[in-house]
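Notes follow once the structure below has been shown.
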Amino acid sequence: MDAARWAEPAAVRPGRTGLGLALACHPGPVAAVTALACALALGAGHGPGRLALVGAAVLAGQLSVGWCNDAFDAGRDARAGRRGKPAADGTVAVSAVWTAAAVALALCAVLSLACGGRAGAVHLAAVGAAWLYNVRLKATVLSWLPYAVGFGALPAVVTLALPVAVWPRWWALAAGALLGVAAHLGDTLADIPQDRAAGIRGLPHRLGSAGTRLLLPVPLVAATAVLVLGPPGPAGAGGAAALVLACGAASAGGLLGRWWRKGALAGAVVVAAADVALLLARGAVSI
């Protein structure tokens, strides 16, 4: 019988709780989503104080999601022998990660509602979807759905937090949701073998590495197309260039992914950055 199958999180190493919590929150995605929310808030016309409030609410929500993810998966990560997982390798106690997640979630609720009732409700629904992903949907064919909900909700959180709350234009919501699906596929792609060993069977794991690489360009290009063709009026040379860039970067990333583990994700990041710039240029989240 394989002993690793029954492994549990390693014994906690004293004095490393702070480091463990910092690593367990998934700092890369936390920083990226918070920066995106702040960019959208700035583009929507929020002043410094309101921008800081929106950014703090999103940051707290993302911290809660990241810590929940590592705490919930600690046993499964230990059984699969996954490295770089602080709650599984003994860098920090699982109970400490759960406590941090709960505190961050409570702070997120306070900050979100301080942005306004409707903005707070939308943001808390998005954070709730992310928690549902962690504890249930991550290992199902619906693993993409919380990402679509979370990213699609960001423009609404920003515009509903304005002094005069308004809903964002439809193409901002649609592009956000499509970028969320792409983020799920790209972020998961490099870890599909490890995730499968841990018993996870989300959509990318069912498609396999080759299938996920083939699917990834679809939501990326679709998001760009929505941003270029959704607003009234002609797309212009800039819109056409954005579509060409999206097609080229997404396709190149998929091809590079056969030899470079992070190739498809790199292509996705290029397209996502271009889409954010296009979103701000189009004024899709402004009044």
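Every chain in the structure tokens has a letter given in the order shown (A, B, ...), and although residue numbers restart at 1 in each chain, ligands are simply numbered from 1 in the order shown.
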TODO: Find the spatial neighbours of Ala246 (chain A), counting only C-alpha atoms, within a cut-off of 8 Å - ignore same-chain residues fewer than 5 positions away - and output them as a PyMOL selection string.
DONE: chain A and resi 220-221+224+271+274
Q: Tell me, as number ranges by chain, which residues lie within 12 Å of Ser95 (chain A), counting only C-alpha atoms; anything in the same chain fewer than 3 positions away does not count.
A: A: 9, 12, 17, 21, 67-68, 70-72, 74, 87-88, 90, 92, 98-102
Generate a file of the selected residues that holds C-alpha atoms, formatted as a PDB file, in the first residue's frame.
ATOM      1  CA  PRO A   9      -0.055  17.769   6.249  1.00  0.00           C
ATOM      2  CA  VAL A  12       4.286  22.589  11.576  1.00  0.00           C
ATOM      3  CA  THR A  17       3.588  31.233  10.351  1.00  0.00           C
ATOM      4  CA  LEU A  21       0.465  32.697   5.372  1.00  0.00           C
ATOM      5  CA  TRP A  67      -6.233  31.005   2.075  1.00  0.00           C
ATOM      6  CA  CYS A  68      -9.443  28.984   1.827  1.00  0.00           C
ATOM      7  CA  ASP A  70      -4.792  26.138   0.506  1.00  0.00           C
ATOM      8  CA  ALA A  71      -6.475  25.197   3.784  1.00  0.00           C
ATOM      9  CA  PHE A  72      -9.172  23.086   2.133  1.00  0.00           C
ATOM     10  CA  ALA A  74      -3.982  20.736   2.493  1.00  0.00           C
ATOM     11  CA  ALA A  87      -0.425  24.310   4.624  1.00  0.00           C
ATOM     12  CA  ALA A  88       0.555  20.862   3.338  1.00  0.00           C
ATOM     13  CA  GLY A  90       4.225  22.204   7.515  1.00  0.00           C
ATOM     14  CA  VAL A  92       2.017  26.945   8.566  1.00  0.00           C
ATOM     15  CA  TRP A  98      -8.468  28.774   8.056  1.00  0.00           C
ATOM     16  CA  THR A  99      -8.430  31.510  10.693  1.00  0.00           C
ATOM     17  CA  ALA A 100      -6.769  33.937   8.276  1.00  0.00           C
ATOM     18  CA  ALA A 101      -9.355  33.071   5.616  1.00  0.00           C
ATOM     19  CA  ALA A 102     -12.230  33.716   8.020  1.00  0.00           C
TER      20      ALA A 102
END
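Non-sequential neighbours of Ala121 (chain A) (distance at most 12 Å, separation of 4 or more positions within a chain, only C-alpha atoms) are Ala57, Cys108, Ala109, Val110, Leu111, Ser112, Leu113, Ala114, Cys115, Gly116, Gly117, Ala125, Ala126, Val127, Gly128, Ala153, Leu154, Ala156, Val157, Leu160 and Ala161 of chain A.
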Let's have the selection written as a tab-separated table (two decimals), in the first residue's frame, with N, CA and C atoms.
chain	number	residue	atom	x	y	z
A	57	ALA	N	-11.30	46.21	-0.52
A	57	ALA	CA	-12.35	45.19	-0.50
A	57	ALA	C	-11.98	44.00	-1.37
A	108	CYS	N	-13.61	41.53	4.30
A	108	CYS	CA	-14.14	41.74	2.95
A	108	CYS	C	-15.60	42.16	2.99
A	109	ALA	N	-16.39	41.53	3.86
A	109	ALA	CA	-17.81	41.87	3.96
A	109	ALA	C	-17.99	43.32	4.40
A	110	VAL	N	-17.23	43.74	5.39
A	110	VAL	CA	-17.34	45.11	5.90
A	110	VAL	C	-16.93	46.11	4.82
A	111	LEU	N	-15.80	45.87	4.18
A	111	LEU	CA	-15.29	46.80	3.17
A	111	LEU	C	-16.19	46.82	1.94
A	112	SER	N	-16.69	45.67	1.54
A	112	SER	CA	-17.55	45.60	0.36
A	112	SER	C	-18.84	46.38	0.56
A	113	LEU	N	-19.46	46.20	1.71
A	113	LEU	CA	-20.71	46.92	2.00
A	113	LEU	C	-20.46	48.42	2.17
A	114	ALA	N	-19.24	48.79	2.59
A	114	ALA	CA	-18.90	50.20	2.68
A	114	ALA	C	-18.83	50.85	1.30
A	115	CYS	N	-18.65	50.03	0.26
A	115	CYS	CA	-18.64	50.54	-1.12
A	115	CYS	C	-20.05	50.84	-1.62
A	116	GLY	N	-21.06	50.43	-0.86
A	116	GLY	CA	-22.44	50.59	-1.28
A	116	GLY	C	-23.15	49.26	-1.25
A	117	GLY	N	-24.45	49.29	-1.03
A	117	GLY	CA	-25.20	48.05	-0.89
A	117	GLY	C	-25.13	47.16	-2.11
A	125	ALA	N	-21.12	38.16	-3.65
A	125	ALA	CA	-21.57	37.02	-4.46
A	125	ALA	C	-20.41	36.43	-5.25
A	126	ALA	N	-19.54	37.30	-5.78
A	126	ALA	CA	-18.38	36.83	-6.53
A	126	ALA	C	-17.41	36.08	-5.63
A	127	VAL	N	-17.16	36.62	-4.44
A	127	VAL	CA	-16.28	35.95	-3.49
A	127	VAL	C	-16.89	34.62	-3.04
A	128	GLY	N	-18.20	34.62	-2.84
A	128	GLY	CA	-18.89	33.37	-2.49
A	128	GLY	C	-18.74	32.31	-3.57
A	153	ALA	N	-17.93	39.94	-12.64
A	153	ALA	CA	-18.52	40.84	-11.64
A	153	ALA	C	-17.66	42.06	-11.37
A	154	LEU	N	-16.35	41.99	-11.65
A	154	LEU	CA	-15.46	43.10	-11.29
A	154	LEU	C	-15.90	44.46	-11.85
A	156	ALA	N	-18.83	45.45	-12.55
A	156	ALA	CA	-20.05	45.86	-11.84
A	156	ALA	C	-19.72	46.36	-10.43
A	157	VAL	N	-18.80	45.70	-9.76
A	157	VAL	CA	-18.39	46.16	-8.43
A	157	VAL	C	-17.87	47.59	-8.52
A	160	LEU	N	-20.84	50.13	-9.62
A	160	LEU	CA	-21.87	50.23	-8.59
A	160	LEU	C	-21.35	50.92	-7.33
A	161	ALA	N	-20.02	51.00	-7.21
A	161	ALA	CA	-19.42	51.69	-6.06
A	161	ALA	C	-19.26	53.19	-6.30
Check your understanding: Got a sec to tell me which of region 26-272 of chain A DSSP assigns to alpha helix (DSSP H), as an NGL selection string?
Key -> :A and (27-43 or 48-80 or 86-89 or 94-114 or 117-135 or 145-160 or 170-189 or 192-197 or 203-215 or 217-229 or 236-256 or 263-272)
Write out as number ranges by chain each polymer residue whose atoms come within 12 Å of Thr188 (chain A), counting only C-alpha atoms; drop sequence neighbours fewer than 6 positions from it.
-> A: 138-139, 143-144, 147, 181-182, 194-196, 200-209, 212-213, 216, 261-262, 264-265
Any chance you could export the current selection's C-alpha atoms as a PDB file, in the first residue's frame?
ATOM      1  CA  LYS A 138     -12.984  22.828  -8.490  1.00  0.00           C
ATOM      2  CA  ALA A 139     -13.224  19.083  -9.018  1.00  0.00           C
ATOM      3  CA  SER A 143     -14.913  24.474 -12.474  1.00  0.00           C
ATOM      4  CA  TRP A 144     -14.913  27.341 -14.993  1.00  0.00           C
ATOM      5  CA  TYR A 147     -14.077  32.251 -12.614  1.00  0.00           C
ATOM      6  CA  VAL A 181     -12.731  31.341 -18.170  1.00  0.00           C
ATOM      7  CA  ALA A 182      -9.414  31.899 -19.929  1.00  0.00           C
ATOM      8  CA  GLN A 194      -0.317  17.141 -10.445  1.00  0.00           C
ATOM      9  CA  ASP A 195      -3.968  18.031 -10.006  1.00  0.00           C
ATOM     10  CA  ARG A 196      -5.054  14.722 -11.495  1.00  0.00           C
ATOM     11  CA  ILE A 200      -9.117  16.861  -9.096  1.00  0.00           C
ATOM     12  CA  ARG A 201     -11.352  16.479 -12.145  1.00  0.00           C
ATOM     13  CA  GLY A 202     -12.264  19.993 -13.229  1.00  0.00           C
ATOM     14  CA  LEU A 203     -12.961  20.918 -16.835  1.00  0.00           C
ATOM     15  CA  PRO A 204      -9.270  21.350 -17.823  1.00  0.00           C
ATOM     16  CA  HIS A 205      -8.387  18.000 -16.252  1.00  0.00           C
ATOM     17  CA  ARG A 206     -11.136  16.273 -18.227  1.00  0.00           C
ATOM     18  CA  LEU A 207      -9.935  17.914 -21.437  1.00  0.00           C
ATOM     19  CA  GLY A 208      -6.298  17.079 -20.734  1.00  0.00           C
ATOM     20  CA  SER A 209      -3.304  19.263 -21.505  1.00  0.00           C
ATOM     21  CA  THR A 212      -7.015  22.720 -22.759  1.00  0.00           C
ATOM     22  CA  ARG A 213      -4.322  24.265 -24.976  1.00  0.00           C
ATOM     23  CA  LEU A 216      -7.680  28.411 -24.306  1.00  0.00           C
ATOM     24  CA  ARG A 261       5.330  24.660 -19.492  1.00  0.00           C
ATOM     25  CA  LYS A 262       4.109  28.242 -19.046  1.00  0.00           C
ATOM     26  CA  ALA A 264       0.047  29.072 -23.019  1.00  0.00           C
ATOM     27  CA  LEU A 265      -0.300  31.074 -19.813  1.00  0.00           C
TER      28      LEU A 265
END
Q: Would you list the contacts of Ala31 (chain A) as number ranges by chain, taking every protein, DNA or RNA residue within 9 Å and counting only C-alpha atoms, but skipping same-chain residues closer than 5 positions in sequence?
A: A: 26, 36, 59, 62
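Compared by their closest atoms to His184 (chain A), and using only C-alpha atoms, the residues A:Val166, A:Ala210, A:Leu215, A:Val158 rank with A:Leu215 nearest.
What separates CA of Ala250 (chain A) from CA of Pro217 (chain A) is a distance of 5.0 Å.
Shortest separation to Gly61 (chain A) among A:Pro48, A:Gly20, A:Gly120, A:Gly253 occurs at residue A:Gly120, atoms counted being only C-alpha atoms.
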> What separation in Å, quoted to one decimal, exists between CA of Ala266 (chain A) and CA of Ala22 (chain A)?
Replying inline: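 Pair CA of Ala266 (chain A) / CA of Ala22 (chain A) returns 24.0 Å.
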Counting only C-alpha atoms, the residue among A:Ala273, A:Val65, A:Ile192, A:Leu279 that lies closest to Leu229 (chain A) is A:Leu279
Would you list the contacts of Ala52 (chain A) as a ChimeraX atom specification, taking every protein, DNA or RNA residue within 10 Å and counting only C-alpha atoms, but skipping same-chain residues closer than 5 positions in sequence? /A:38,41-42,46-47,57-58
A straight line from CA of Val94 (chain A) to CA of Val54 (chain A) spans 29.0 Å
| Residues within 8 Å of Leu179 (chain A), only C-alpha atoms, excluding chain neighbours under 5 positions, as a list of chain:residue names | A:Ala148, A:Phe151, A:Pro219, A:Leu220, A:Ala223, A:Ala272
